[in-house]
Structures are given as C-alpha cells and as structure tokens.
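Peer 1: The following block contains the structure, expressed as structure tokens.
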Amino acid sequence: MLKSILMGLVGGQRALTPLAVVAVAAARGELPRDNGAPRILSHPAVVAGAVALAVGEMAGDKLQSAPDRVMPAGLVARFATSAIAGAALAPRHQRWTAAAVGGTTALIASYVGWRARMKAMERQSQAATGFVEDAAVLGSAVAVVRA
C-alpha cells in the first residue's frame, strides 16, 4: 500500500505522470506479480498516449494560462490516474483499497503541492518552479515503480 500512497503524492503534482510511468512499467513487465493493473494498461497505444499526455502536461504547466491543479477537472484527473496507478502497484486482492488510497492521497497532495508552488513562485518564475517540480515528480514516480 505504501507504493500506492507514494504514487498518490506524485499524482497530486502532475496528473498524468503516475499513469504514464505505470503504463511504461506494465509494458516492460516491471509491475509486481499479481498486480491490480488493468490489462489494457500495457497496450502500446495506451502507453504512447499516456506518455504523450504526461509530456504535454509538463510543457503546459509552464504557461501563464495553465489552470491551477486544484481546479475541479484537475482534481478529478489526479484522483483517477493515481487510483489506476495505485491499483497497478498493489496486489490484485488489494486493488480497490489501493485505488482509493492512491486517489485520495493525490487529492490531498494537490492542495499541499499547489500551496508550495505558489510560495515558490513568489521568488522564482512559473517555468523555473515547474522544471524543478517536473524533475522531482518524474524521478519520484520512477523510483516508486522500481522500488
């Protein structure tokens, strides 16, 4: 369940990174044995789409017009993708609990991360803080899957 919580923390910062990293891991056969991931997660089209969307989200985050992560649509996306990732990182018999834990953690982490980012942007630009956040998020997501 710890991996589901940690991936929820990642999802609170970038909605699509958990899905992309878990999809890549599923395609490579790197998820835990007897995991709760849906089979379609490892399909090449799903992997490519998830990665493309995650890259697009990271690029869009640097724009002045980027919506706050705590907007309703962003929260729904964070919950959904973190729930899928949380289930994928847990044993099949715990997938529903792991999904709830991953999604809920992402919702809470969204607000904490948003406040931290707003505070950081008082000293640095949106782009600079976004690049730092991207590096932390991507590195953390990969570490969670590989742990």
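Just so we're on the same page: first chain in the structure tokens is A, next is B, and so on; residues restart at 1 for each chain, and ligands are numbered from 1 in the order they show up.
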Tell me, as an mmCIF file with C-alpha atoms, in the first residue's frame, which residues lie within 8 Å of Leu31 in chain A, counting only C-alpha atoms; anything in the same chain fewer than 4 positions away does not count.
Peer 2:
data_model
loop_
_atom_site.group_PDB
_atom_site.id
_atom_site.type_symbol
_atom_site.label_atom_id
_atom_site.label_comp_id
_atom_site.auth_asym_id
_atom_site.auth_seq_id
_atom_site.Cartn_x
_atom_site.Cartn_y
_atom_site.Cartn_z
ATOM 1 C CA VAL A 22 2.897 2.748 -14.572
ATOM 2 C CA ALA A 25 6.312 -0.346 -16.390
ATOM 3 C CA ALA A 26 3.352 -2.566 -17.349
ATOM 4 C CA ASN A 35 -0.822 -6.713 -9.559
ATOM 5 C CA ALA A 88 -1.379 -1.298 -10.510
ATOM 6 C CA LEU A 89 1.239 -1.165 -7.769
ATOM 7 C CA VAL A 145 7.734 1.843 -9.539
#
Peer 1: For Val46 in chain A, list every protein, DNA or RNA residue within 10 Å, evaluated using only C-alpha atoms, and leave out those in the same chain fewer than 2 positions away; present the list as a list in words.
Peer 2: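 Close residues of Val46 in chain A: Leu19, Ala20, Ala23, Val24, Ala27, Ile40, Leu41, Ser42, His43, Pro44, Ala48, Gly49, Ala50, Val51 and Ala52 of chain A.
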Peer 1: Just to be explicit: take each residue in the selection above, keep all heavy atoms, and write the result as a compact mmCIF listing (two decimals), in the first residue's frame.
Peer 2:
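Output file part_38.txt follows:
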# COMPACT_ATOMS: atom_id res chain seq x y z
N LEU A 19 0.09 7.67 -14.35
CA LEU A 19 -0.44 6.80 -15.38
C LEU A 19 0.64 6.45 -16.40
O LEU A 19 0.79 5.29 -16.79
CB LEU A 19 -1.64 7.44 -16.07
CG LEU A 19 -2.35 6.60 -17.12
CD1 LEU A 19 -2.94 5.35 -16.50
CD2 LEU A 19 -3.42 7.42 -17.81
N ALA A 20 1.39 7.43 -16.85
CA ALA A 20 2.43 7.19 -17.85
C ALA A 20 3.52 6.26 -17.32
O ALA A 20 3.91 5.31 -18.01
CB ALA A 20 3.04 8.52 -18.29
N ALA A 23 2.12 2.74 -16.90
CA ALA A 23 1.87 2.12 -18.20
C ALA A 23 3.18 1.63 -18.83
O ALA A 23 3.23 0.52 -19.38
CB ALA A 23 1.16 3.10 -19.13
N VAL A 24 4.22 2.44 -18.74
CA VAL A 24 5.52 2.02 -19.27
C VAL A 24 6.01 0.79 -18.51
O VAL A 24 6.48 -0.18 -19.12
CB VAL A 24 6.55 3.18 -19.19
CG1 VAL A 24 7.96 2.68 -19.46
CG2 VAL A 24 6.18 4.28 -20.16
N ALA A 27 4.09 -2.27 -19.63
CA ALA A 27 4.52 -2.72 -20.96
C ALA A 27 5.86 -3.46 -20.90
O ALA A 27 6.10 -4.39 -21.66
CB ALA A 27 4.62 -1.53 -21.91
N ILE A 40 -5.28 -3.59 -20.20
CA ILE A 40 -5.13 -2.61 -21.28
C ILE A 40 -4.02 -1.60 -21.00
O ILE A 40 -3.50 -0.97 -21.91
CB ILE A 40 -6.47 -1.89 -21.56
CG1 ILE A 40 -6.39 -1.16 -22.90
CG2 ILE A 40 -6.84 -0.96 -20.41
CD1 ILE A 40 -7.72 -0.70 -23.42
N LEU A 41 -3.61 -1.49 -19.76
CA LEU A 41 -2.59 -0.51 -19.38
C LEU A 41 -1.27 -0.74 -20.12
O LEU A 41 -0.55 0.20 -20.41
CB LEU A 41 -2.35 -0.57 -17.86
CG LEU A 41 -1.57 0.54 -17.22
CD1 LEU A 41 -2.26 1.88 -17.44
CD2 LEU A 41 -1.42 0.29 -15.73
N SER A 42 -0.99 -1.98 -20.47
CA SER A 42 0.28 -2.27 -21.16
C SER A 42 0.17 -2.23 -22.68
O SER A 42 1.16 -2.44 -23.37
CB SER A 42 0.80 -3.65 -20.73
OG SER A 42 -0.11 -4.66 -21.11
N HIS A 43 -1.00 -1.93 -23.21
CA HIS A 43 -1.17 -1.86 -24.67
C HIS A 43 -0.32 -0.71 -25.22
O HIS A 43 -0.29 0.38 -24.64
CB HIS A 43 -2.65 -1.64 -25.02
CG HIS A 43 -2.93 -1.79 -26.47
ND1 HIS A 43 -2.68 -0.79 -27.38
CD2 HIS A 43 -3.43 -2.83 -27.17
CE1 HIS A 43 -3.01 -1.20 -28.58
NE2 HIS A 43 -3.48 -2.44 -28.48
N PRO A 44 0.39 -0.93 -26.31
CA PRO A 44 1.27 0.11 -26.86
C PRO A 44 0.59 1.45 -27.11
O PRO A 44 1.18 2.51 -26.88
CB PRO A 44 1.77 -0.50 -28.18
CG PRO A 44 1.69 -1.98 -27.96
CD PRO A 44 0.49 -2.19 -27.07
N ALA A 48 1.80 4.85 -25.28
CA ALA A 48 2.19 6.02 -26.08
C ALA A 48 1.30 7.22 -25.75
O ALA A 48 1.80 8.35 -25.59
CB ALA A 48 2.11 5.70 -27.57
N GLY A 49 0.02 7.00 -25.64
CA GLY A 49 -0.90 8.09 -25.32
C GLY A 49 -0.65 8.67 -23.94
O GLY A 49 -0.64 9.89 -23.76
N ALA A 50 -0.44 7.80 -22.96
CA ALA A 50 -0.19 8.27 -21.59
C ALA A 50 1.10 9.08 -21.51
O ALA A 50 1.16 10.13 -20.86
CB ALA A 50 -0.15 7.09 -20.63
N VAL A 51 2.13 8.60 -22.17
CA VAL A 51 3.41 9.32 -22.17
C VAL A 51 3.26 10.67 -22.88
O VAL A 51 3.73 11.70 -22.38
CB VAL A 51 4.54 8.46 -22.80
CG1 VAL A 51 5.79 9.29 -23.05
CG2 VAL A 51 4.85 7.28 -21.90
N ALA A 52 2.60 10.68 -24.01
CA ALA A 52 2.40 11.94 -24.74
C ALA A 52 1.60 12.94 -23.91
O ALA A 52 1.93 14.13 -23.86
CB ALA A 52 1.69 11.67 -26.07
Peer 1: Need the shell around Gln13 in chain A: protein/DNA/RNA residues with any atom at most 10 Å away, counting only C-alpha atoms. Skip same-chain ones fewer than 5 positions apart. Format as a PyMOL selection string?
Peer 2: chain A and resi 8+18+69-70+78+106-107+109-114+117+133-134+136-137
Peer 1: Name the residues in contact with Ala90 in chain A at a cut-off of 12 Å, using only C-alpha atoms, excluding same-chain residues fewer than 3 positions from it; report them as a PyMOL selection string.
Peer 2: chain A and resi 1-7+22+31-38+83-87+93-102+144-145
Peer 1: Check the DSSP output for the backbone and give back, as a PyMOL selection string, the residues of range 21-135 of chain A in helix (DSSP H, G or I).
Peer 2: chain A and resi 21-27+39-42+44-60+72-88+92-120+126-135
Peer 1: Leaving out Gly130 in chain A and any residue of its chain fewer than 4 positions from it, which residues lie within 8 Å of it when counting only C-alpha atoms, given as a list in words?
Peer 2: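 What passes the distance filter is Met58, Asp61, Lys62, Gln126 and Asp134 of chain A.
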Peer 1: Could you please take those selected residues and save N, CA, C and O atoms as an mmCIF file, in the first residue's frame?
Peer 2:
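The new file out09.cif reads:
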data_model
loop_
_atom_site.group_PDB
_atom_site.id
_atom_site.type_symbol
_atom_site.label_atom_id
_atom_site.label_comp_id
_atom_site.auth_asym_id
_atom_site.auth_seq_id
_atom_site.Cartn_x
_atom_site.Cartn_y
_atom_site.Cartn_z
ATOM 1 N N MET A 58 3.372 18.465 -18.680
ATOM 2 C CA MET A 58 4.578 19.112 -18.154
ATOM 3 C C MET A 58 4.907 20.372 -18.944
ATOM 4 O O MET A 58 5.284 21.385 -18.361
ATOM 5 N N ASP A 61 2.293 23.158 -18.158
ATOM 6 C CA ASP A 61 2.385 23.688 -16.793
ATOM 7 C C ASP A 61 3.233 24.961 -16.716
ATOM 8 O O ASP A 61 3.066 25.754 -15.804
ATOM 9 N N LYS A 62 4.097 25.156 -17.665
ATOM 10 C CA LYS A 62 4.982 26.331 -17.648
ATOM 11 C C LYS A 62 4.307 27.583 -18.197
ATOM 12 O O LYS A 62 4.833 28.680 -18.080
ATOM 13 N N GLN A 126 7.349 30.893 -12.940
ATOM 14 C CA GLN A 126 6.500 29.721 -13.109
ATOM 15 C C GLN A 126 7.263 28.615 -13.832
ATOM 16 O O GLN A 126 7.162 27.442 -13.469
ATOM 17 N N ASP A 134 8.862 19.181 -12.117
ATOM 18 C CA ASP A 134 8.869 18.089 -13.086
ATOM 19 C C ASP A 134 9.951 17.060 -12.758
ATOM 20 O O ASP A 134 9.704 15.848 -12.795
#
Peer 1: Hey, what's within 6 Å of Ala15 in chain A if we count only C-alpha atoms and toss same-chain stuff fewer than 2 positions away? As a ChimeraX atom specification, please?
Peer 2: /A:11,17,77-78
Peer 1: At what distance in Å, to one decimal, does CA of Ala116 in chain A lie from CA of Gly74 in chain A?
Peer 2: 17.0 Å
Peer 1: Counting only C-alpha atoms, which of A:Ser140, A:Glu30, A:Asp68, A:Val10 gets nearest to Arg115 in chain A?
Peer 2: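 That would be A:Asp68, the residue with the smallest distance to Arg115 in chain A.
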Peer 1: So the first atom is CA of Ala59 in chain A and the second is CA of Ala127 in chain A; what is the distance between them in Å, to one decimal place?
Peer 2: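 Result for CA of Ala59 in chain A versus CA of Ala127 in chain A: 9.3 Å, one decimal.
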